[in-house]
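Listing of data-v4.cif, mmCIF, C-alpha atoms
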data_run
#
loop_
_atom_site.label_atom_id
_atom_site.label_comp_id
_atom_site.auth_asym_id
_atom_site.auth_seq_id
_atom_site.Cartn_x
_atom_site.Cartn_y
_atom_site.Cartn_z
CA MET B 883 -2.23 2.02 -20.22
CA SER B 884 1.54 2.46 -20.44
CA ILE B 885 1.82 1.50 -16.77
CA ILE B 886 0.06 -1.82 -17.44
CA ALA B 887 2.40 -2.44 -20.37
CA ILE B 888 5.52 -1.76 -18.27
CA ARG B 889 4.20 -3.83 -15.35
CA THR B 890 3.46 -6.71 -17.74
CA VAL B 891 7.02 -6.62 -19.06
CA ILE B 892 8.44 -6.61 -15.50
CA ILE B 893 6.20 -9.49 -14.38
CA TYR B 894 7.05 -11.44 -17.54
CA ILE B 895 10.77 -11.06 -16.84
CA VAL B 896 10.28 -12.09 -13.19
CA VAL B 897 8.24 -15.18 -14.11
CA ILE B 898 10.68 -16.27 -16.83
CA THR B 899 13.60 -15.76 -14.41
CA ALA B 900 11.72 -17.72 -11.75
CA MET B 901 11.10 -20.64 -14.11
CA ARG B 902 14.75 -20.58 -15.21
CA ILE B 903 15.97 -20.59 -11.59
CA MET B 904 13.72 -23.54 -10.82
CA GLY B 905 15.36 -25.43 -13.65
CA LYS B 906 14.47 -27.68 -16.55
CA ARG B 907 12.72 -30.29 -14.42
CA GLN B 908 10.05 -27.73 -13.70
CA LEU B 909 9.34 -27.31 -17.41
CA GLY B 910 9.23 -31.01 -18.22
CA GLU B 911 7.54 -33.58 -16.11
CA LEU B 912 5.88 -31.95 -13.15
CA GLN B 913 5.90 -33.59 -9.75
CA PRO B 914 2.85 -32.79 -7.57
CA ALA B 915 4.69 -30.07 -5.60
CA GLU B 916 6.04 -28.52 -8.80
CA LEU B 917 2.60 -28.45 -10.38
CA VAL B 918 1.27 -26.56 -7.35
CA VAL B 919 4.10 -24.02 -7.59
CA ALA B 920 3.59 -23.54 -11.35
CA LEU B 921 -0.14 -22.95 -10.88
CA LEU B 922 0.42 -20.55 -8.01
CA ILE B 923 3.03 -18.55 -9.90
CA SER B 924 0.76 -18.10 -12.90
CA ASP B 925 -2.05 -16.92 -10.65
CA LEU B 926 0.18 -14.57 -8.64
CA ALA B 927 1.61 -13.04 -11.77
CA ALA B 928 -1.79 -12.29 -13.27
CA VAL B 929 -3.20 -10.16 -10.41
CA PRO B 930 -0.65 -7.28 -10.24
CA MET B 931 -0.52 -7.31 -14.03
CA GLN B 932 -4.19 -6.39 -14.25
CA GLU B 933 -4.53 -4.18 -11.18
CA ASN B 934 -2.69 -0.90 -11.37
CA GLY B 935 -3.48 -0.03 -7.78
CA MET B 936 -1.70 -3.06 -6.41
CA PRO B 937 2.03 -2.79 -5.68
CA LEU B 938 4.09 -4.90 -8.05
CA LEU B 939 5.99 -6.24 -5.05
CA ASN B 940 2.77 -7.91 -3.83
CA GLY B 941 3.10 -10.21 -6.82
CA ILE B 942 6.87 -10.45 -7.06
CA ILE B 943 7.60 -11.28 -3.40
CA PRO B 944 5.31 -14.34 -3.25
CA ILE B 945 6.75 -15.57 -6.54
CA LEU B 946 10.30 -15.23 -5.18
CA ILE B 947 9.34 -17.02 -1.95
CA LEU B 948 7.70 -19.85 -3.89
CA VAL B 949 10.81 -20.20 -6.05
CA ALA B 950 13.06 -20.27 -2.98
CA LEU B 951 10.85 -22.83 -1.21
CA GLU B 952 10.69 -24.98 -4.31
CA LEU B 953 14.49 -24.91 -4.58
CA LEU B 954 14.88 -25.76 -0.91
CA LEU B 955 12.33 -28.55 -1.14
CA SER B 956 13.88 -30.06 -4.26
CA GLY B 957 17.29 -29.87 -2.55
CA LEU B 958 15.87 -31.64 0.49
CA MET B 959 14.15 -34.24 -1.69
CA LEU B 960 17.46 -34.94 -3.36
CA LYS B 961 19.32 -35.37 -0.06
CA VAL B 962 16.66 -36.96 2.14
CA PRO B 963 14.67 -39.84 0.56
CA PHE B 964 11.97 -39.42 3.22
CA PHE B 965 11.11 -35.98 1.79
CA GLN B 966 11.08 -37.43 -1.71
CA ARG B 967 8.41 -39.94 -0.63
CA LEU B 968 6.52 -37.38 1.45
CA ILE B 969 6.33 -34.60 -1.12
CA GLY B 970 6.75 -36.36 -4.45
CA GLY B 971 5.00 -39.61 -3.60
CA LYS B 972 6.31 -42.94 -4.77
CA SER B 973 5.82 -45.19 -7.75
CA LYS B 974 3.10 -47.80 -7.48
CA ILE B 975 2.94 -51.15 -9.23
CA ILE B 976 -0.49 -51.74 -10.79
CA ILE B 977 0.36 -54.79 -12.89
CA ASN B 978 2.61 -57.19 -11.07
CA ASP B 979 4.01 -60.09 -13.07
CA GLY B 980 1.07 -59.99 -15.46
CA ASN B 981 -1.60 -59.65 -12.76
CA ILE B 982 -3.60 -56.45 -12.29
CA ASP B 983 -3.45 -55.20 -8.71
CA VAL B 984 -7.06 -54.06 -8.28
CA ASN B 985 -6.40 -52.66 -4.80
CA ALA B 986 -3.59 -50.49 -6.12
CA LEU B 987 -5.83 -49.28 -8.95
CA ASN B 988 -8.63 -48.46 -6.53
CA GLY B 989 -6.18 -46.73 -4.21
CA MET B 990 -5.25 -44.37 -7.02
CA ARG B 991 -8.87 -44.00 -8.18
CA MET B 992 -7.81 -45.40 -11.53
CA THR B 993 -10.27 -47.41 -13.60
CA ILE B 994 -9.50 -50.25 -15.99
CA GLU B 995 -10.41 -47.82 -18.80
CA ASP B 996 -7.72 -45.43 -17.55
CA LEU B 997 -5.23 -48.27 -17.50
CA MET B 998 -6.17 -49.31 -21.03
CA GLU B 999 -5.86 -45.70 -22.19
CA ALA B 1000 -2.37 -45.47 -20.68
CA LEU B 1001 -1.46 -48.73 -22.43
CA ARG B 1002 -2.71 -47.50 -25.78
CA GLN B 1003 -0.74 -44.28 -25.39
CA GLN B 1004 2.38 -46.47 -25.23
CA SER B 1005 1.23 -48.37 -28.37
CA ILE B 1006 0.29 -51.45 -26.36
CA PHE B 1007 -3.14 -52.76 -27.30
CA ASP B 1008 -3.14 -56.11 -25.55
CA LEU B 1009 -3.15 -56.17 -21.77
CA ARG B 1010 -1.82 -59.73 -21.79
CA GLU B 1011 1.50 -58.50 -23.21
CA VAL B 1012 2.26 -56.47 -20.08
CA GLN B 1013 4.39 -57.97 -17.35
CA TYR B 1014 4.71 -54.90 -15.14
CA ALA B 1015 2.98 -51.53 -15.08
CA ILE B 1016 4.09 -48.80 -12.70
CA VAL B 1017 2.38 -45.48 -12.07
CA GLU B 1018 5.10 -42.87 -11.56
CA PRO B 1019 4.79 -39.94 -9.11
CA ASN B 1020 4.24 -37.55 -12.06
CA GLY B 1021 1.15 -39.55 -13.07
CA ARG B 1022 2.63 -41.31 -16.09
CA THR B 1023 2.47 -45.06 -16.39
CA SER B 1024 5.52 -47.09 -17.38
CA PHE B 1025 5.18 -50.58 -18.82
CA LEU B 1026 7.46 -53.56 -19.17
CA LEU B 1027 6.34 -56.11 -21.72
CA LYS B 1028 6.60 -59.85 -21.18
CA PRO B 1029 9.89 -61.22 -22.55
CA SER B 1030 8.08 -62.94 -25.43
CA ASP B 1031 6.47 -59.65 -26.47
CA ARG B 1032 9.47 -57.38 -26.19
CA PRO B 1033 10.95 -56.06 -29.45
CA VAL B 1034 13.95 -57.95 -30.68
CA THR B 1035 17.23 -56.16 -30.04
CA CYS B 1036 20.61 -56.53 -31.69
CA LYS B 1037 21.79 -58.14 -28.48
CA ASP B 1038 19.11 -60.84 -28.84
CA LEU B 1039 20.33 -61.52 -32.38
CA ASP B 1040 23.96 -61.42 -31.31
CA MET B 1041 24.63 -58.70 -33.85
CA SER B 1042 27.12 -55.91 -33.53
CA VAL B 1043 26.18 -52.49 -34.84
CA PRO B 1044 28.46 -49.47 -35.24
CA ASP B 1045 28.06 -46.74 -32.66
CA ASN B 1046 27.66 -43.56 -34.70
CA GLY B 1047 26.61 -41.40 -31.81
CA ILE B 1048 23.74 -39.01 -32.13
CA PRO B 1049 22.98 -37.29 -35.45
CA MET B 1050 23.30 -33.57 -34.83
CA ILE B 1051 22.39 -30.42 -36.71
CA ILE B 1052 25.60 -29.03 -38.19
CA ILE B 1053 24.08 -26.34 -40.41
CA SER B 1054 20.61 -24.96 -39.92
CA ASP B 1055 19.29 -22.38 -42.36
CA GLY B 1056 22.78 -21.43 -43.49
CA LYS B 1057 24.20 -21.11 -39.96
CA ILE B 1058 26.76 -23.43 -38.41
CA SER B 1059 25.85 -24.92 -35.03
CA LYS B 1060 28.88 -24.87 -32.73
CA TRP B 1061 27.19 -27.29 -30.37
CA GLY B 1062 26.64 -29.80 -33.19
CA LEU B 1063 30.30 -29.51 -34.20
CA ASP B 1064 31.45 -30.14 -30.62
CA VAL B 1065 29.17 -33.13 -30.04
CA CYS B 1066 30.10 -34.83 -33.33
CA GLN B 1067 33.77 -33.77 -33.04
CA ILE B 1068 33.61 -32.24 -36.50
CA ASP B 1069 35.67 -29.28 -37.67
CA GLU B 1070 34.91 -26.55 -40.19
CA PRO B 1071 37.27 -27.90 -42.94
CA TRP B 1072 35.09 -31.03 -43.07
CA ILE B 1073 32.02 -28.85 -43.64
CA ASN B 1074 33.81 -27.05 -46.47
CA GLU B 1075 34.67 -30.44 -47.97
CA VAL B 1076 31.02 -31.52 -47.81
CA LEU B 1077 29.90 -28.22 -49.35
CA THR B 1078 32.44 -28.59 -52.20
CA ASP B 1079 31.35 -32.19 -52.83
CA ASN B 1080 27.73 -31.06 -53.05
CA ASN B 1081 28.66 -28.02 -55.08
CA CYS B 1082 26.90 -25.52 -52.84
CA LYS B 1083 27.60 -22.61 -50.51
CA ILE B 1084 26.81 -22.53 -46.84
CA THR B 1085 23.98 -20.07 -47.48
CA ASP B 1086 22.34 -22.63 -49.83
CA VAL B 1087 22.06 -25.23 -47.05
CA PHE B 1088 18.75 -25.57 -45.29
CA LEU B 1089 19.83 -28.48 -43.07
CA LEU B 1090 22.97 -30.53 -42.64
CA LEU B 1091 22.80 -33.43 -40.23
CA ALA B 1092 25.86 -35.49 -39.36
CA ASP B 1093 27.03 -38.03 -36.81
CA ARG B 1094 30.36 -38.96 -35.27
CA ASP B 1095 31.13 -41.25 -38.23
CA ARG B 1096 30.71 -38.24 -40.52
CA THR B 1097 27.72 -39.78 -42.23
CA TYR B 1098 25.69 -36.81 -43.31
CA HIS B 1099 22.39 -35.77 -44.79
CA LEU B 1100 22.16 -32.46 -46.60
CA ILE B 1101 18.97 -30.62 -47.58
CA ARG B 1102 19.31 -27.57 -49.82
CA LYS B 1103 17.14 -24.49 -49.61
CA GLU B 1104 14.42 -24.47 -52.24
CA MET L 76 24.09 -27.14 -3.16
CA LYS L 77 24.16 -24.20 -5.59
CA ARG L 78 20.37 -24.17 -5.70
CA ILE L 79 20.09 -24.19 -1.93
CA ILE L 80 22.44 -21.20 -1.79
CA VAL L 81 20.29 -19.40 -4.40
CA ALA L 82 17.16 -20.24 -2.38
CA ALA L 83 18.75 -19.00 0.84
CA ALA L 84 19.89 -15.80 -0.91
CA ILE L 85 16.37 -15.15 -2.23
CA LEU L 86 14.83 -15.75 1.20
CA ILE L 87 17.35 -13.47 2.90
CA ALA L 88 16.76 -10.74 0.29
CA VAL L 89 13.00 -10.99 0.71
CA ALA L 90 13.25 -10.98 4.51
CA THR L 91 15.50 -7.90 4.39
CA LEU L 92 13.11 -6.13 2.04
CA CYS L 93 10.19 -6.95 4.34
CA ILE L 94 12.01 -5.65 7.41
CA VAL L 95 13.16 -2.48 5.65
CA THR L 96 9.69 -1.66 4.31
CA LEU L 97 8.11 -2.38 7.68
CA LYS L 98 10.63 -0.14 9.39
CA ILE L 99 10.11 2.69 6.88
CA GLN L 100 6.37 2.41 7.23
CA THR L 101 6.33 2.26 11.03
CA ASN L 102 8.74 5.18 11.46
CA ASN L 103 7.02 7.41 8.92
CA ILE L 104 3.55 6.73 10.25
CA LYS L 105 4.81 7.35 13.78
CA GLU L 106 6.06 10.78 12.72
CA LEU L 107 2.77 11.58 11.04
CA LEU L 108 0.84 10.46 14.11
CA THR L 109 2.95 12.79 16.28
CA ILE L 110 1.85 15.73 14.15
CA THR L 111 -1.80 14.69 14.38
CA ASP L 112 -1.40 14.51 18.19
CA LYS L 113 0.01 18.04 18.19
CA MET L 114 -2.86 19.19 15.96
CA GLN L 115 -5.38 17.63 18.29
CA LYS L 116 -3.75 19.35 21.28
CA ALA L 117 -3.66 22.73 19.51
CA TYR L 118 -7.30 22.36 18.48
CA GLU L 119 -8.37 21.49 22.01
CA ASP L 120 -6.40 24.48 23.35
CA ASP L 121 -8.17 26.66 20.76
CA LYS L 122 -4.88 27.60 19.06
CA ILE L 123 -6.40 27.55 15.61
CA GLU L 124 -3.55 29.47 13.94
CA TYR L 125 -0.99 26.99 15.22
CA CYS L 126 -3.30 24.13 14.29
CA LEU L 127 -3.53 25.47 10.71
CA GLU L 128 0.25 25.71 10.55
CA LEU L 129 0.51 22.11 11.74
CA SER L 130 -2.10 20.93 9.26
CA TYR L 131 -0.06 22.39 6.38
CA GLU L 132 3.03 20.75 7.79
CA PHE L 133 1.08 17.49 8.01
CA VAL L 134 0.04 17.66 4.34
CA GLU L 135 3.61 18.40 3.29
CA LYS L 136 5.06 15.62 5.46
CA PHE L 137 2.38 13.15 4.37
CA ASP L 138 3.45 13.73 0.79
CA LYS L 139 7.13 13.22 1.60
CA LYS L 140 6.78 10.35 4.04
CA THR L 141 4.43 8.26 1.95
CA ASN L 142 6.23 8.53 -1.36
CA LEU L 143 7.65 5.01 -0.90
CA PHE L 144 4.39 3.50 0.36
CA PRO L 145 2.94 2.71 -3.10
CA LEU L 146 5.79 0.23 -3.53
CA PHE L 147 4.32 -2.06 -0.91
CA MET L 148 0.79 -0.83 -0.12
CA ARG L 149 -2.42 -0.67 -2.09
CA HIS L 150 -2.56 2.74 -3.73
CA SER L 151 -6.24 3.16 -2.84
CA ASP L 152 -5.47 2.84 0.90
CA ILE L 153 -2.95 5.68 0.69
CA SER L 154 -5.15 7.98 -1.38
CA LYS L 155 -8.06 7.61 1.08
CA ILE L 156 -5.91 9.07 3.87
CA GLU L 157 -4.41 11.65 1.54
CA GLU L 158 -7.89 12.96 0.72
CA ILE L 159 -8.61 13.57 4.40
CA ALA L 160 -5.15 15.01 5.07
CA VAL L 161 -5.57 17.57 2.28
CA SER L 162 -8.99 18.58 3.56
CA LEU L 163 -7.74 19.38 7.10
CA PRO L 164 -6.24 22.86 6.43
CA VAL L 165 -9.18 23.66 4.13
CA LEU L 166 -11.63 22.94 6.94
CA LEU L 167 -9.76 25.29 9.26
CA GLU L 168 -9.47 28.05 6.68
CA THR L 169 -13.10 27.98 5.56
CA ASP L 170 -14.56 28.22 9.05
CA ASN L 171 -15.75 24.60 8.97
CA ILE L 172 -13.98 24.08 12.26
CA GLN L 173 -16.73 21.85 13.66
CA HIS L 174 -15.83 19.25 10.97
CA PHE L 175 -12.13 19.45 11.68
CA ALA L 176 -12.06 17.31 14.83
CA PRO L 177 -13.97 14.33 13.38
CA GLU L 178 -11.86 14.43 10.21
CA LEU L 179 -8.67 14.56 12.27
CA ILE L 180 -9.79 11.57 14.32
CA LYS L 181 -10.68 9.70 11.12
CA CYS L 182 -7.25 10.50 9.73
CA ARG L 183 -5.55 9.28 12.91
CA ILE L 184 -7.47 6.02 12.94
CA MET L 185 -6.74 5.38 9.27
CA LEU L 186 -3.04 6.05 9.78
CA LYS L 187 -2.97 3.69 12.75
CA ASN L 188 -4.79 1.03 10.73
CA MET L 189 -2.30 1.50 7.94
CA ALA L 190 0.55 0.78 10.34
CA ASP L 191 -1.27 -2.17 11.89
CA LEU L 192 -2.17 -3.72 8.54
CA GLU L 193 1.42 -4.46 7.60
CA SER L 194 2.68 -5.62 10.97
CA PRO L 195 3.14 -9.40 11.03
CA THR L 196 0.73 -10.12 13.89
CA PRO L 197 -1.17 -13.44 14.09
CA GLU L 198 -4.43 -11.57 13.41
CA ASN L 199 -3.09 -10.12 10.18
CA ILE L 200 -1.47 -13.35 9.10
CA LEU L 201 -4.58 -15.41 9.67
#

Now, as a test, write the supplied structure out as structure tokens.
Amino acid sequence: MSIIAIRTVIIYIVVITAMRIMGKRQLGELQPAELVVALLISDLAAVPMQENGMPLLNGIIPILILVALELLLSGLMLKVPFFQRLIGGKSKIIINDGNIDVNALNGMRMTIEDLMEALRQQSIFDLREVQYAIVEPNGRTSFLLKPSDRPVTCKDLDMSVPDNGIPMIIISDGKISKWGLDVCQIDEPWINEVLTDNNCKITDVFLLLADRDRTYHLIRKE
Amino acid sequence: MKRIIVAAAILIAVATLCIVTLKIQTNNIKELLTITDKMQKAYEDDKIEYCLELSYEFVEKFDKKTNLFPLFMRHSDISKIEEIAVSLPVLLETDNIQHFAPELIKCRIMLKNMADLESPTPENIL
């Protein structure tokens, strides 16, 4: 029993390390090749975990080779566009200037219902609003609405809006986030000022959000 | 570029590990097979005492030489041969000599198979 427990810990560490080496892309939107690698790794990891009689290396070595091949392949895909098309596939237009390309849909074995589902997932309920729809290599569909149906932007209205940057977490559950301070270019004296203004201690703060303009939102612990 | 270097490093490490384990396995099995050859010769020459001595040496060496094998071979494959290896001196000591030769041949074949199983031949790969 203890052997299984130790083997599980080792395999867990190897798989986590493998996923970290492969990078964030692997954890987000999977390309076809990446999906294959992720599935294979999970399967390879499970077998030596369950079978005591199988050497751990029989599971670890294939995982390492898959990681190395995936890294090499992604490197090649980055440098040689041909590999990108060959392994990752390429985007396909299924609605071109408002017209549905039935051949493209058939080529991808995609039905009109699938297309409508993808539209609804993007909060688009009327097909007539779509000017372009593109199926990406990861299987997602991107849409561009017709100019008349696009949301109005400040640029359309000729308005200027202040650029406050991104609101960041400055204090979370009583702890200061260094990263938030760096991104918003905020220093600790400013935090002390905010805490004094709100008559509270740092340990009383559940959440403090702030942006570059030092506009903040403070939530106390209950 | 960094990732390609990491990938190359992993592949080189794995290749080295494969070569080292293959080398260890081949050399150790070769040594064990030499002892079985000697045992066979002694048995055929009716030198039972010497054969018994060799069989004990074989058991001892099998233990030493295969202590790294579980790292890269199925444990059940090793224990099957170990069972036969341990029985060899017992067969000689308990006057079951008629069973000794077939068991020794079985042991030899299994050892050879063990060596062949890991070698990267097209048959094994496919």

For chain L, report every residue with an atom at most 6 Å from chain B (counting only C-alpha atoms), formatted as a compact mmCIF listing (two decimals) with C-alpha atoms, in the frame of the given file.
# COMPACT_ATOMS: atom_id res chain seq x y z
CA ILE L 79 20.09 -24.19 -1.93
CA ALA L 82 17.16 -20.24 -2.38
CA LEU L 146 5.79 0.23 -3.53
CA PHE L 147 4.32 -2.06 -0.91
CA ARG L 149 -2.42 -0.67 -2.09
CA HIS L 150 -2.56 2.74 -3.73

- Convert the output of the PyMOL selection byres ((chain L and resi 109-114) around 8) on the shown file into explicit residues, formatted as a PyMOL selection string. chain L and resi 105-108+115-118+126+129-130+133+179+183

- Query: Could you pull the residues within 8 Å of segment 965-969 of chain B, counting all atoms listed in the file, minus those fewer than 6 positions along the same chain, as an NGL selection string?
  - Reply: :B and (914-915 or 958-959)

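With distances restricted to only C-alpha atoms, L:Ile172 is the closest residue to Ile123 of chain L from L:Ile172, L:Leu201, L:Ile180, L:Ala190.
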
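Rounded to one decimal, atom CA of Arg902 of chain B and atom CA of Leu921 of chain B lie 15.7 Å from each other.
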
- Can you work out which one of L:Ile184, L:Leu127, L:Leu97, L:Leu143 has the shortest atom-to-atom distance to Leu167 of chain L, counting only C-alpha atoms? L:Leu127

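Counting from atom CA of Asp1008 of chain B, the distance to atom CA of Asp1038 of chain B is 23.0 Å.
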
- Task: Using the chain letters and numbers from the file, give me the residues hit by the PyMOL selection byres ((chain B and resi 1089) around 10), as a list of chain:residue names.
- Result: B:Ile1051, B:Ile1052, B:Ile1053, B:Ser1054, B:Asp1055, B:Gly1056, B:Lys1057, B:Ile1058, B:Ile1084, B:Asp1086, B:Val1087, B:Phe1088, B:Leu1090, B:Leu1091, B:Ala1092, B:His1099, B:Leu1100, B:Ile1101, B:Arg1102, B:Lys1103
